[in-house]
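J.: Below are the structure tokens for one structure; questions will follow.
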There are 2 protein chains.
Amino acid sequence: MAKAELVFQPYGKRLEVEAGRTVLEVARHIGVSVSSVCGGRGLCGKCKIIVQDGESHLSAPTKAERQALSREDLKNGFRLACQAVVKGIGTITVEVPSESRVDQQKLLLKGLERKVELAPAIRRLTLSLDKPSLADAKSDVDRLVEAANSATGFKLKVDHEALKQIPHVIRKGDWTVTVTLWKNGEITAAEPGETHGLYGFAVDVGTTKLAGYLVDLVNGKIAATASMMNPQIPYGEDVISRIKFIMENPDNIAKLQQSVVEGVNQLIREACMKAKTTPANICDITVAGNTAMHHIFLGVPPNYVALMPYPAALQSSVDVKARDLALDVGYGAYVYTLPIVSGFVGGDAVADVLATGINMADELSMLIDIGTNTEIVLGNKDRLVACSCASGPAFEGAHIKHGMRASSGAIEQVWVDPETFEVGFKTVEDDKPRGLCGSGIVDVVAQLLKTGLIDRSGRLSRKVDTPRLKANAKAAEFVVAWKDETSVGNDIAVTQGDIREIQLAKAAIYTGASILMKKFGVKAYDVQRVFLAGAFGTYVDPQNAKIIGMYPDVPLERVHFIGNTAGSGARMTLLSVDARKTASDIARRVEYVELGADPDFQSEFLKATYLPHQESERFQSVSRLLGKAARAS
Amino acid sequence: MAKAELVFQPYGKRLEVEAGRTVLEVARHIGVSVSSVCGGRGLCGKCKIIVQDGESHLSAPTKAERQALSREDLKNGFRLACQAVVKGIGTITVEVPSESRVDQQKLLLKGLERKVELAPAIRRLTLSLDKPSLADAKSDVDRLVEAANSATGFKLKVDHEALKQIPHVIRKGDWTVTVTLWKNGEITAAEPGETHGLYGFAVDVGTTKLAGYLVDLVNGKIAATASMMNPQIPYGEDVISRIKFIMENPDNIAKLQQSVVEGVNQLIREACMKAKTTPANICDITVAGNTAMHHIFLGVPPNYVALMPYPAALQSSVDVKARDLALDVGYGAYVYTLPIVSGFVGGDAVADVLATGINMADELSMLIDIGTNTEIVLGNKDRLVACSCASGPAFEGAHIKHGMRASSGAIEQVWVDPETFEVGFKTVEDDKPRGLCGSGIVDVVAQLLKTGLIDRSGRLSRKVDTPRLKANAKAAEFVVAWKDETSVGNDIAVTQGDIREIQLAKAAIYTGASILMKKFGVKAYDVQRVFLAGAFGTYVDPQNAKIIGMYPDVPLERVHFIGNTAGSGARMTLLSVDARKTASDIARRVEYVELGADPDFQSEFLKATYLPHQESERFQSVSRLLGKAARAS
């Protein structure tokens with residue numbers, strides 16, 4: 001045996017590997033999903049594995065591992081998969097513990113959607129052709145095109161794959177043929193006889209998830225939906241990790257592109273199965289994604305998005321043949337990608353605006369799409385400004401000691417009794433707790449602030465007497481779930497460090513909102529509607545989010561949850577070519593504000609790290625509430 | 001050993017095969033070219049092989065073989081490769097004799113070409129872009145497109161592959177970039193800095209040969225040429241055999257398409273090597289071919305071309321991405337295919353007209369492109385009529401006992417002494433004779449007529465006393481080369497049957513010409529120019545061709561050899577978009593005449609089988625000549 005063999009439990013997957021590869025690389029290679037936020041740089045500590053056997057065939061623990069893992073963990077065989085390098089010849093068995101698994105996350109599919117008139121880019125047309133004769137031996141294609149031109153009044157081209165089908169198709173249909181027309185400019189498909197049923201597929205390509213919507217383009221209704229984790233996650237959990245991966249090797253973009261395309265193909269198959277149709281019946285596709293996801297989906301390098309001055313490679317919308325992207329749908333179908341605004345304000349933000357219609361409203365609206373990068377758009381029918389805030393992955397559970405995505409067993413809602421400090425919580429799918437997801441952490445921080453367990457600077461109290469408040473040498477922490485209540489065998493707590501992470505994250509978002517308001521010359525009270533978009537923005541408690549100062553202090557009734565509007569926007573462009581024009585118009589109109597270039601950025605950010613803010617007059621309603629709470633306790 | 005092993009000599013190629021496959025199928029599979037005109041139906045007798053060993057592992061000779069092969073041949077191990085089926089388990093060694101090999105034929109590359117103003121579909125444009133900054137973070141592609149739009153005044157799209165290149169390219173060139181524009185509508189490529197050199201490639205896809213021309217689109221000159229036998233030949237030597245092959249199995253068209261595309265890719269590599277450039281520098285391709293070759297090249301089924309009323313699948317010119325056809329050239333390049341007229345008058349005929357300019361001339365011209373199908377176009381600037389004649393493959397040596405293509409050792413010119421009946425001949429490459437090619441056979445028939453060895457009905461004389469005139473029970477024949485002079489070990493003769501084949505072939509051509517003249521209301525003397533196109537039309541002796549009545553009796557000085565004008569026409573469309581418009585105009589204008597539908601067709605054809613014609617007044621100059629010869633002898 002010339003190679004080592006690596007076995008992954010509980011999956012039972014095994015692979016012979018050459019020395020020099022990390023366990024994480026091998027896991028990715030054979031499709032074992034191991035969580036990793038930092039892209040394999042030993043920083044996030046999320047890729048824990050337990051070595052069951054063959055430890056001697058792995059490299060010794062690195063400095064990064066000694067920092068990320070407790071002495072006890074190390075003794076119990078814990079390693080970081082990104083650090084442990086296969087070196088010997090023999091069998092190594094590792095276990096992927098449940099907290100390191102990338103499981104199916106709670107995925108949000110629904111979103112606010114403005115009604116648009118049904119006018120898709122494609123339509124069907126049934127033609128009856130004259131049979132050829134010696135006196136009229138016109139060619140099949142020219143015969144078909146002339147009939148289609150005369151029926152439509154347009155001058156149609158023919159897709160190359162359609163060309164190949166036409167001679168057989170028109171005979172199979174006994175000279176009756178149904179053609180699919182794209183934008184009244186091209187015949188993209190031909191089918192024998194009179195056919196019915198016309199489908200499109202809208203995709204929201206998120207950094208974390210892919211959501212697909214099979215739309216019946218005859219009645220405009222959703223026929224089926226499907227969603228999955230973005231299969232690019234093993235290559236890096238956030239946009240920057242994936243861009244770094246692409247920078248490492250020019251071939252890597254093809255790997256990422258292939259992986260997302262395979263994911264979308266899977267969604268297409270799944271949705272078609274649910275709707276009892278086939279992918280070949282899908283004649284149009286629309287895609288919304290943030291700039292990096294959009295670029296990678298098209299195979300366009302996103303490298304320079306990560307470098308000053310952060311230009312996108314491509315802003316305008318694009319029409320490209322589905323087959324050029326290896327998407328398995330109807331043979332002549334096009335894919336339309338929504339335009340983007342800038343390197344960090346993408347097609348998802350354009351879709352958000354399209355779905356909410358804030359670009360057409362008299363009222364001033366603020367749209368906040370919270371994620372690792374949070375996009376904020378502020379404006380009305382006259383003007384739109386936007387920025388991107390580096391809010392980081394804390395709301396997705398990363399950089400948080402017991403943080404996790406909103407998957408089964410994640411604590412998503414938390415209540416702290418102001419008198420006893422006892423804790424109530426709710427988990428995703430009501431499973432035993434495995435960790436805390438973003439909305440749960442926000443709840444904890446807000447409740448700790450309300451109950452006086454932390455002060456406005458975010459420091460955990462050392463005075464309050466409750467067993468949940470534990471202070472050790474390194475850092476204090478607040479226990480949310482006791483060891484016995486959990487499925488992971490230890491207390492689930494929020495540490496002082498976690499609170500700092502949340503402060504930084506929310507400060508980033510608030511700073512963006514505040515600089516946009518300054519650019520627009522308005523104050524919080526002028527903002528008539530606040531739209532919280534995206535999964536986190538839907539599950540977070542709006543009151544608690546306001547208490548910690550995540551968004552400007554506006555009356556709660558002005559706050560709206562709009563769900564996955566990136567998906568809605570993609571669907572709207574599938575239903576209507578006018579919506580595509582509007583999307584281009586939005587992308588052109590939005591003024592992008594580079595936050596780092598604003599002279600007030602640093603000071604605004606520092607002040608915003610306070611809870612809810614250093615200048616309490618900016619959060620008068622929260623201040624009143626906190627004062628009341630303080631008085632009550 | 002579970003399979004039989006088949007060894008082909010003199011190539012030494014071997015393959016393990018399962019029982020049930022014919023020797024011809026196996027030969028095709030491993031790339032041994034065995035001649036076959038009938039497409040493996042046992043009719044043409046061209047795929048002779050000699051079994052050297054393992055005869056018992058082959059099926060017994062079929063009825064077709066007993067008809068095609070003499071008893072002696074059968075005794076000596078001759079078989080037809082299309083009939084001999086592998087049945088046993090063991091080694092079978094066969095020899096492909098020289099007469100069954102498909103060797104490199106004399107290929108004609110040059111052709112008459114009208115000068116056109118250099119205005120190709122593609123051009124290069126060098127742009128200097130502003131670098132992005134925080135204040136101007138426009139995307140790379142939008143930046144480039146805006147600069148190109150403003151430099152050209154057009155609204156340009158961007159090819160999807162070009163999209164992927166642009167971000168790296170513009171940085172590599174330090175914000176100077178050279179783009180390739182196609183028809184002022186699309187950016188098909190981008191290169192760093194200021195680049196020079198712009199190439200196109202024109203292809204003539206013939207049934208028998210492929211000819212390619214690498215053209216420098218900066219100066220309009222041919223940079224290199226390359227040619228080869230059409231690699232589809234093993235699937236059938238003529239158009240009908242290949243269409244039948246496609247009809248057998250829907251997958252077969254892809255096989256034929258792949259084979260011609262691989263051939264063209266080989267020509268491209270060869271020509272680029274000669275010109276010291278690379279295929280990536282080829283930014284445009286134009287293709288002319290007869291209808292079936294054109295259809296197969298595009299992957300469009302030609303099946304119905306072979307069935308009443310013989311409609312083409314596609315007449316109009318087509319622009320298709322080179323990559324969609326798997327052609328290895330510059331990534332965004334298009335392929336333009338010349339339009340065709342009908343199922344049997346193809347893009348090669350359109351190219352012939354384009355190259356000769358008969359569509360713009362005051363004089364009445366007749367263009368004859370002689371092949372298995374002979375296309376004839378008659379007309380001037382006011383009117384063009386055309387037909388296709390089923391002249392058959394006799395002029396290419398098929399259906400002729402000792403017929404062969406114009407490759408090494410083919411007798412191409414023949415002289416018969418009117419007194420001694422002794423024979424002089426010239427062979428291709430002055431090799432020892434292997435057989436007779438088309439021009440040689442025409443010479444023989446004309447000389448036999450002049451010397452009285454055959455009469456006007458084509459019957460070989462039984463009266464003249466010469467050892468060359470042999471009469472056996474089956475058929476009479478005239479020996480052209482004695483056994484000892486040849487490389488094949490037997491006499492090379494023209495049989496009574498061969499003469500009948502030539503009579504039928506030339507009658508087909510003359511009938512077409514005569515019906516076109518009738519449609520046009522003109523007589524032979526009104527035809528001011530006769531253009532003979534194609535390889536056979538270039539090497540045939542025009543006087544001898546007229547003596548046998550192949551084309552109308554016009555003064556010899558009106559007859560012009562124009563060579564490979566299909567290639568010339570393809571080159572013209574590469575040099576000029578106006579030439580493409582003219583080609584479309586020609587294809588639209590030409591009135592196609594279906595000969596079989598003409599009431600006079602049968603009687604015209606019968607009369608034309610005489611030498612030169614039953615109505616001698618139609619060939620007054622030839623009649624005078626024959627009379628003189630008769631008087632002299």
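If you're wondering about the labels, chains in the structure tokens are A, B, ... by order shown, residues count from 1 in each chain, ligands from 1 in order shown.
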Quick one: contact table of chain A to chain B, 9 Å max, nearest atom pair and distance in Å to one decimal per residue, counting only C-alpha atoms, chain and number order, as CSV?

T.:
```
residue,atom,partner,partner_atom,distance
A:Pro132,CA,B:Pro309,CA,6.8
A:Ser133,CA,B:Pro309,CA,5.4
A:Leu134,CA,B:Pro309,CA,5.1
A:Ala135,CA,B:Glu594,CA,8.5
A:Asp136,CA,B:Pro309,CA,8.6
A:Ala137,CA,B:Pro311,CA,5.0
A:Lys138,CA,B:Pro311,CA,6.2
A:Ser139,CA,B:Ala312,CA,4.6
A:Asp140,CA,B:Ala313,CA,4.7
A:Val141,CA,B:Leu314,CA,5.0
A:Asp142,CA,B:Leu314,CA,6.2
A:Arg143,CA,B:Leu314,CA,8.8
A:Val158,CA,B:Val318,CA,8.9
A:Asp159,CA,B:Val320,CA,8.6
A:His160,CA,B:Val320,CA,6.7
A:Glu161,CA,B:Gly299,CA,8.7
A:Leu163,CA,B:Val300,CA,6.5
A:Lys164,CA,B:Val300,CA,4.3
A:Gln165,CA,B:Val300,CA,7.4
A:Ile166,CA,B:Ala313,CA,7.9
A:Pro167,CA,B:Ala313,CA,5.9
A:His168,CA,B:Pro301,CA,8.0
A:His295,CA,B:Lys164,CA,8.9
A:Leu298,CA,B:Lys164,CA,7.8
A:Gly299,CA,B:Lys164,CA,6.0
A:Val300,CA,B:Lys164,CA,4.3
A:Pro301,CA,B:Lys164,CA,6.5
A:Pro302,CA,B:Pro167,CA,8.5
A:Asn303,CA,B:Pro167,CA,8.5
A:Tyr304,CA,B:Pro167,CA,7.8
A:Met308,CA,B:Leu134,CA,7.7
A:Pro309,CA,B:Leu134,CA,5.1
A:Tyr310,CA,B:Ala137,CA,7.0
A:Pro311,CA,B:Ala137,CA,5.0
A:Ala312,CA,B:Ser139,CA,4.6
A:Ala313,CA,B:Asp140,CA,4.7
A:Leu314,CA,B:Val141,CA,5.0
A:Gln315,CA,B:Ser139,CA,5.7
A:Ser316,CA,B:Asp142,CA,6.9
A:Val318,CA,B:His160,CA,8.7
A:Asp319,CA,B:His160,CA,8.8
A:Val320,CA,B:His160,CA,6.7
A:Lys321,CA,B:His160,CA,8.9
A:Asp324,CA,B:His160,CA,8.2
A:Val341,CA,B:Lys138,CA,8.9
A:Ser342,CA,B:Ser139,CA,7.2
A:Gly343,CA,B:Ser139,CA,8.0
A:Glu594,CA,B:Leu134,CA,7.1
A:Ala597,CA,B:Leu134,CA,7.6
```

J.: I'd like to know which residues of range 281-427 of chain B are strand (DSSP E or B) (by DSSP, run on the backbone); could you write them as a PDB file with N, CA and C atoms, in the first residue's frame?

T.:
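Output (part_34.pdb):
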```
ATOM      1  N   ILE B 282      -7.213  33.027 -35.594  1.00  0.00           N
ATOM      2  CA  ILE B 282      -8.257  32.999 -36.618  1.00  0.00           C
ATOM      3  C   ILE B 282      -9.555  33.494 -35.994  1.00  0.00           C
ATOM      4  N   CYS B 283     -10.066  34.586 -36.542  1.00  0.00           N
ATOM      5  CA  CYS B 283     -11.220  35.241 -35.929  1.00  0.00           C
ATOM      6  C   CYS B 283     -12.488  35.123 -36.755  1.00  0.00           C
ATOM      7  N   ASP B 284     -12.415  34.487 -37.903  1.00  0.00           N
ATOM      8  CA  ASP B 284     -13.612  34.354 -38.732  1.00  0.00           C
ATOM      9  C   ASP B 284     -13.426  33.165 -39.674  1.00  0.00           C
ATOM     10  N   ILE B 285     -14.502  32.482 -39.968  1.00  0.00           N
ATOM     11  CA  ILE B 285     -14.446  31.318 -40.852  1.00  0.00           C
ATOM     12  C   ILE B 285     -15.615  31.397 -41.821  1.00  0.00           C
ATOM     13  N   THR B 286     -15.356  31.064 -43.090  1.00  0.00           N
ATOM     14  CA  THR B 286     -16.453  30.944 -44.051  1.00  0.00           C
ATOM     15  C   THR B 286     -16.384  29.569 -44.694  1.00  0.00           C
ATOM     16  N   VAL B 287     -17.541  29.034 -45.011  1.00  0.00           N
ATOM     17  CA  VAL B 287     -17.607  27.659 -45.509  1.00  0.00           C
ATOM     18  C   VAL B 287     -18.549  27.572 -46.700  1.00  0.00           C
ATOM     19  N   ALA B 288     -18.061  26.967 -47.796  1.00  0.00           N
ATOM     20  CA  ALA B 288     -18.923  26.660 -48.932  1.00  0.00           C
ATOM     21  C   ALA B 288     -18.940  25.157 -49.115  1.00  0.00           C
ATOM     22  N   GLY B 289     -20.093  24.619 -49.391  1.00  0.00           N
ATOM     23  CA  GLY B 289     -20.176  23.180 -49.638  1.00  0.00           C
ATOM     24  C   GLY B 289     -21.465  22.874 -50.356  1.00  0.00           C
ATOM     25  N   VAL B 318     -25.903  31.122 -42.687  1.00  0.00           N
ATOM     26  CA  VAL B 318     -26.002  30.960 -41.240  1.00  0.00           C
ATOM     27  C   VAL B 318     -24.723  31.498 -40.605  1.00  0.00           C
ATOM     28  N   ASP B 319     -24.878  32.166 -39.460  1.00  0.00           N
ATOM     29  CA  ASP B 319     -23.732  32.535 -38.622  1.00  0.00           C
ATOM     30  C   ASP B 319     -23.835  31.735 -37.352  1.00  0.00           C
ATOM     31  N   VAL B 320     -22.825  30.954 -37.064  1.00  0.00           N
ATOM     32  CA  VAL B 320     -22.873  30.123 -35.857  1.00  0.00           C
ATOM     33  C   VAL B 320     -21.503  30.209 -35.187  1.00  0.00           C
ATOM     34  N   LYS B 321     -21.510  30.138 -33.868  1.00  0.00           N
ATOM     35  CA  LYS B 321     -20.231  30.223 -33.147  1.00  0.00           C
ATOM     36  C   LYS B 321     -19.367  29.013 -33.505  1.00  0.00           C
ATOM     37  N   TYR B 334     -17.036  33.463 -35.225  1.00  0.00           N
ATOM     38  CA  TYR B 334     -18.208  32.916 -35.899  1.00  0.00           C
ATOM     39  C   TYR B 334     -17.797  32.119 -37.141  1.00  0.00           C
ATOM     40  N   VAL B 335     -18.680  31.219 -37.542  1.00  0.00           N
ATOM     41  CA  VAL B 335     -18.560  30.540 -38.826  1.00  0.00           C
ATOM     42  C   VAL B 335     -19.726  31.016 -39.677  1.00  0.00           C
ATOM     43  N   TYR B 336     -19.421  31.429 -40.891  1.00  0.00           N
ATOM     44  CA  TYR B 336     -20.464  31.816 -41.843  1.00  0.00           C
ATOM     45  C   TYR B 336     -20.547  30.732 -42.907  1.00  0.00           C
ATOM     46  N   THR B 337     -21.745  30.197 -43.146  1.00  0.00           N
ATOM     47  CA  THR B 337     -21.877  29.234 -44.241  1.00  0.00           C
ATOM     48  C   THR B 337     -22.608  29.908 -45.389  1.00  0.00           C
ATOM     49  N   SER B 365     -23.722  33.395 -69.679  1.00  0.00           N
ATOM     50  CA  SER B 365     -22.683  32.425 -69.333  1.00  0.00           C
ATOM     51  C   SER B 365     -23.305  31.133 -68.860  1.00  0.00           C
ATOM     52  N   MET B 366     -22.573  30.056 -69.106  1.00  0.00           N
ATOM     53  CA  MET B 366     -22.988  28.771 -68.554  1.00  0.00           C
ATOM     54  C   MET B 366     -21.847  28.254 -67.688  1.00  0.00           C
ATOM     55  N   LEU B 367     -22.194  27.925 -66.439  1.00  0.00           N
ATOM     56  CA  LEU B 367     -21.193  27.446 -65.502  1.00  0.00           C
ATOM     57  C   LEU B 367     -21.480  25.976 -65.224  1.00  0.00           C
ATOM     58  N   ILE B 368     -20.490  25.118 -65.428  1.00  0.00           N
ATOM     59  CA  ILE B 368     -20.698  23.683 -65.218  1.00  0.00           C
ATOM     60  C   ILE B 368     -19.682  23.205 -64.188  1.00  0.00           C
ATOM     61  N   ASP B 369     -20.182  22.776 -63.032  1.00  0.00           N
ATOM     62  CA  ASP B 369     -19.286  22.269 -61.978  1.00  0.00           C
ATOM     63  C   ASP B 369     -19.486  20.756 -61.936  1.00  0.00           C
ATOM     64  N   THR B 374     -23.544  17.128 -60.984  1.00  0.00           N
ATOM     65  CA  THR B 374     -23.016  18.258 -61.730  1.00  0.00           C
ATOM     66  C   THR B 374     -24.023  19.394 -61.646  1.00  0.00           C
ATOM     67  N   GLU B 375     -23.544  20.538 -61.149  1.00  0.00           N
ATOM     68  CA  GLU B 375     -24.427  21.685 -61.102  1.00  0.00           C
ATOM     69  C   GLU B 375     -24.169  22.565 -62.316  1.00  0.00           C
ATOM     70  N   ILE B 376     -25.247  23.018 -62.916  1.00  0.00           N
ATOM     71  CA  ILE B 376     -25.120  23.923 -64.062  1.00  0.00           C
ATOM     72  C   ILE B 376     -25.908  25.189 -63.752  1.00  0.00           C
ATOM     73  N   VAL B 377     -25.278  26.323 -63.980  1.00  0.00           N
ATOM     74  CA  VAL B 377     -25.984  27.601 -63.832  1.00  0.00           C
ATOM     75  C   VAL B 377     -25.874  28.315 -65.162  1.00  0.00           C
ATOM     76  N   LEU B 378     -26.980  28.835 -65.633  1.00  0.00           N
ATOM     77  CA  LEU B 378     -26.995  29.560 -66.903  1.00  0.00           C
ATOM     78  C   LEU B 378     -27.614  30.917 -66.636  1.00  0.00           C
ATOM     79  N   GLY B 379     -26.972  31.959 -67.118  1.00  0.00           N
ATOM     80  CA  GLY B 379     -27.620  33.243 -66.936  1.00  0.00           C
ATOM     81  C   GLY B 379     -26.708  34.442 -67.092  1.00  0.00           C
ATOM     82  N   LEU B 384     -30.994  34.088 -63.714  1.00  0.00           N
ATOM     83  CA  LEU B 384     -30.127  32.932 -63.476  1.00  0.00           C
ATOM     84  C   LEU B 384     -31.003  31.694 -63.301  1.00  0.00           C
ATOM     85  N   VAL B 385     -30.690  30.640 -64.060  1.00  0.00           N
ATOM     86  CA  VAL B 385     -31.394  29.362 -63.851  1.00  0.00           C
ATOM     87  C   VAL B 385     -30.336  28.301 -63.539  1.00  0.00           C
ATOM     88  N   ALA B 386     -30.737  27.291 -62.803  1.00  0.00           N
ATOM     89  CA  ALA B 386     -29.757  26.274 -62.415  1.00  0.00           C
ATOM     90  C   ALA B 386     -30.418  24.922 -62.286  1.00  0.00           C
ATOM     91  N   CYS B 387     -29.615  23.907 -62.455  1.00  0.00           N
ATOM     92  CA  CYS B 387     -30.113  22.556 -62.237  1.00  0.00           C
ATOM     93  C   CYS B 387     -28.988  21.688 -61.711  1.00  0.00           C
ATOM     94  N   SER B 388     -29.374  20.515 -61.284  1.00  0.00           N
ATOM     95  CA  SER B 388     -28.390  19.547 -60.843  1.00  0.00           C
ATOM     96  C   SER B 388     -28.592  18.284 -61.664  1.00  0.00           C
ATOM     97  N   CYS B 389     -27.494  17.738 -62.184  1.00  0.00           N
ATOM     98  CA  CYS B 389     -27.597  16.555 -63.030  1.00  0.00           C
ATOM     99  C   CYS B 389     -26.966  15.383 -62.294  1.00  0.00           C
ATOM    100  N   GLY B 403     -11.388   2.097 -63.283  1.00  0.00           N
ATOM    101  CA  GLY B 403     -11.470   3.504 -62.894  1.00  0.00           C
ATOM    102  C   GLY B 403     -10.854   3.758 -61.535  1.00  0.00           C
ATOM    103  N   SER B 407      -5.417  10.062 -58.481  1.00  0.00           N
ATOM    104  CA  SER B 407      -4.265   9.996 -57.591  1.00  0.00           C
ATOM    105  C   SER B 407      -3.111   9.315 -58.306  1.00  0.00           C
ATOM    106  N   ALA B 410      -2.721   7.272 -61.847  1.00  0.00           N
ATOM    107  CA  ALA B 410      -3.936   7.295 -62.668  1.00  0.00           C
ATOM    108  C   ALA B 410      -3.587   7.802 -64.063  1.00  0.00           C
ATOM    109  N   ILE B 411      -4.066   7.103 -65.074  1.00  0.00           N
ATOM    110  CA  ILE B 411      -3.872   7.575 -66.456  1.00  0.00           C
ATOM    111  C   ILE B 411      -4.810   8.747 -66.659  1.00  0.00           C
ATOM    112  N   GLU B 412      -4.244   9.954 -66.892  1.00  0.00           N
ATOM    113  CA  GLU B 412      -5.091  11.146 -66.949  1.00  0.00           C
ATOM    114  C   GLU B 412      -5.213  11.721 -68.363  1.00  0.00           C
ATOM    115  N   GLN B 413      -4.254  11.363 -69.237  1.00  0.00           N
ATOM    116  CA  GLN B 413      -4.357  11.817 -70.628  1.00  0.00           C
ATOM    117  C   GLN B 413      -4.048  10.639 -71.544  1.00  0.00           C
ATOM    118  N   VAL B 414      -4.805  10.530 -72.628  1.00  0.00           N
ATOM    119  CA  VAL B 414      -4.629   9.389 -73.532  1.00  0.00           C
ATOM    120  C   VAL B 414      -4.681   9.880 -74.987  1.00  0.00           C
ATOM    121  N   TRP B 415      -3.794   9.334 -75.811  1.00  0.00           N
ATOM    122  CA  TRP B 415      -3.823   9.619 -77.246  1.00  0.00           C
ATOM    123  C   TRP B 415      -3.870   8.285 -77.980  1.00  0.00           C
ATOM    124  N   VAL B 416      -4.718   8.171 -79.001  1.00  0.00           N
ATOM    125  CA  VAL B 416      -4.772   6.939 -79.801  1.00  0.00           C
ATOM    126  C   VAL B 416      -4.371   7.300 -81.235  1.00  0.00           C
ATOM    127  N   VAL B 423      -1.281   3.471 -78.449  1.00  0.00           N
ATOM    128  CA  VAL B 423      -1.768   4.376 -77.406  1.00  0.00           C
ATOM    129  C   VAL B 423      -0.608   5.078 -76.710  1.00  0.00           C
ATOM    130  N   GLY B 424      -0.747   6.397 -76.505  1.00  0.00           N
ATOM    131  CA  GLY B 424       0.179   7.135 -75.633  1.00  0.00           C
ATOM    132  C   GLY B 424      -0.603   7.611 -74.420  1.00  0.00           C
ATOM    133  N   PHE B 425       0.015   7.650 -73.266  1.00  0.00           N
ATOM    134  CA  PHE B 425      -0.722   8.161 -72.096  1.00  0.00           C
ATOM    135  C   PHE B 425       0.208   8.854 -71.121  1.00  0.00           C
ATOM    136  N   LYS B 426      -0.387   9.614 -70.249  1.00  0.00           N
ATOM    137  CA  LYS B 426       0.334  10.295 -69.176  1.00  0.00           C
ATOM    138  C   LYS B 426      -0.384   9.960 -67.869  1.00  0.00           C
ATOM    139  N   THR B 427       0.417   9.675 -66.834  1.00  0.00           N
ATOM    140  CA  THR B 427      -0.208   9.351 -65.544  1.00  0.00           C
ATOM    141  C   THR B 427       0.059  10.459 -64.528  1.00  0.00           C
TER     142      THR B 427
END
```

J.: Give me the residues near Gly489 in chain A as a ChimeraX atom specification, where near means some atom within 12 Å (using only C-alpha atoms) and where sequence neighbours in that chain fewer than 5 positions away do not count.

T.: /A:97-99,432-435,481-484

J.: May I have the selected residues written with C-alpha atoms, as a PDB file, in the first residue's frame?

T.:
```pdb
ATOM      1  CA  PRO A  97     -18.879  15.677  14.831  1.00  0.00           C
ATOM      2  CA  SER A  98     -22.364  17.046  14.407  1.00  0.00           C
ATOM      3  CA  GLU A  99     -21.294  20.647  15.078  1.00  0.00           C
ATOM      4  CA  LYS A 432     -32.218  19.546  21.296  1.00  0.00           C
ATOM      5  CA  PRO A 433     -29.949  22.621  21.147  1.00  0.00           C
ATOM      6  CA  ARG A 434     -26.714  22.294  19.186  1.00  0.00           C
ATOM      7  CA  GLY A 435     -25.734  25.986  19.220  1.00  0.00           C
ATOM      8  CA  ALA A 481     -28.470  26.217  27.664  1.00  0.00           C
ATOM      9  CA  TRP A 482     -27.050  23.889  30.216  1.00  0.00           C
ATOM     10  CA  LYS A 483     -24.998  20.903  29.145  1.00  0.00           C
ATOM     11  CA  ASP A 484     -27.822  18.474  30.024  1.00  0.00           C
TER      12      ASP A 484
END
```

J.: Could you please determine the separation between CA of Lys581 in chain A and CA of Met517 in chain A in Å, to one decimal place?

T.: 27.5 Å

J.: Among range 163-316 of chain A, which residues carry a DSSP assignment of helix (DSSP H, G or I), reported as a VMD selection string?

T.: chain A and resid 163 to 172 233 to 235 239 to 248 252 to 274 279 to 281 291 to 298 303 to 306

J.: Using only C-alpha atoms, find the one residue out of B:Ala211, B:Leu449, B:Val177, B:Ala508 that sits nearest to Ala148 in chain B.

T.: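 Smallest separation from Ala148 in chain B among the options: B:Val177.
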
J.: So what do you get for CA of Asp216 in chain A versus CA of Ala147 in chain A, distance-wise?

T.: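 Going from CA of Asp216 in chain A over to CA of Ala147 in chain A, I get 26.7 Å.
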
J.: Need to verify the contact set: Ile400 in chain B, 9 Å, only C-alpha atoms, exclusion of same-chain residues closer than 5 positions in sequence. Can you return it as an MDAnalysis selection string?

T.: chainID B and resid 394:395 436 441 494:495 497:499 501:502

J.: From the list A:Ser576, A:Asn359, A:Asn290, A:Ser36, which residue is nearest Pro339 in chain A when using only C-alpha atoms?

T.: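 Once distances to Pro339 in chain A are computed over only C-alpha atoms, the minimum belongs to A:Asn290.
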
J.: Have a look at CA of His29 in chain B and CA of Pro234 in chain B and let me know their distance in Å, one decimal.

T.: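 These atoms are spaced 9.5 Å apart.
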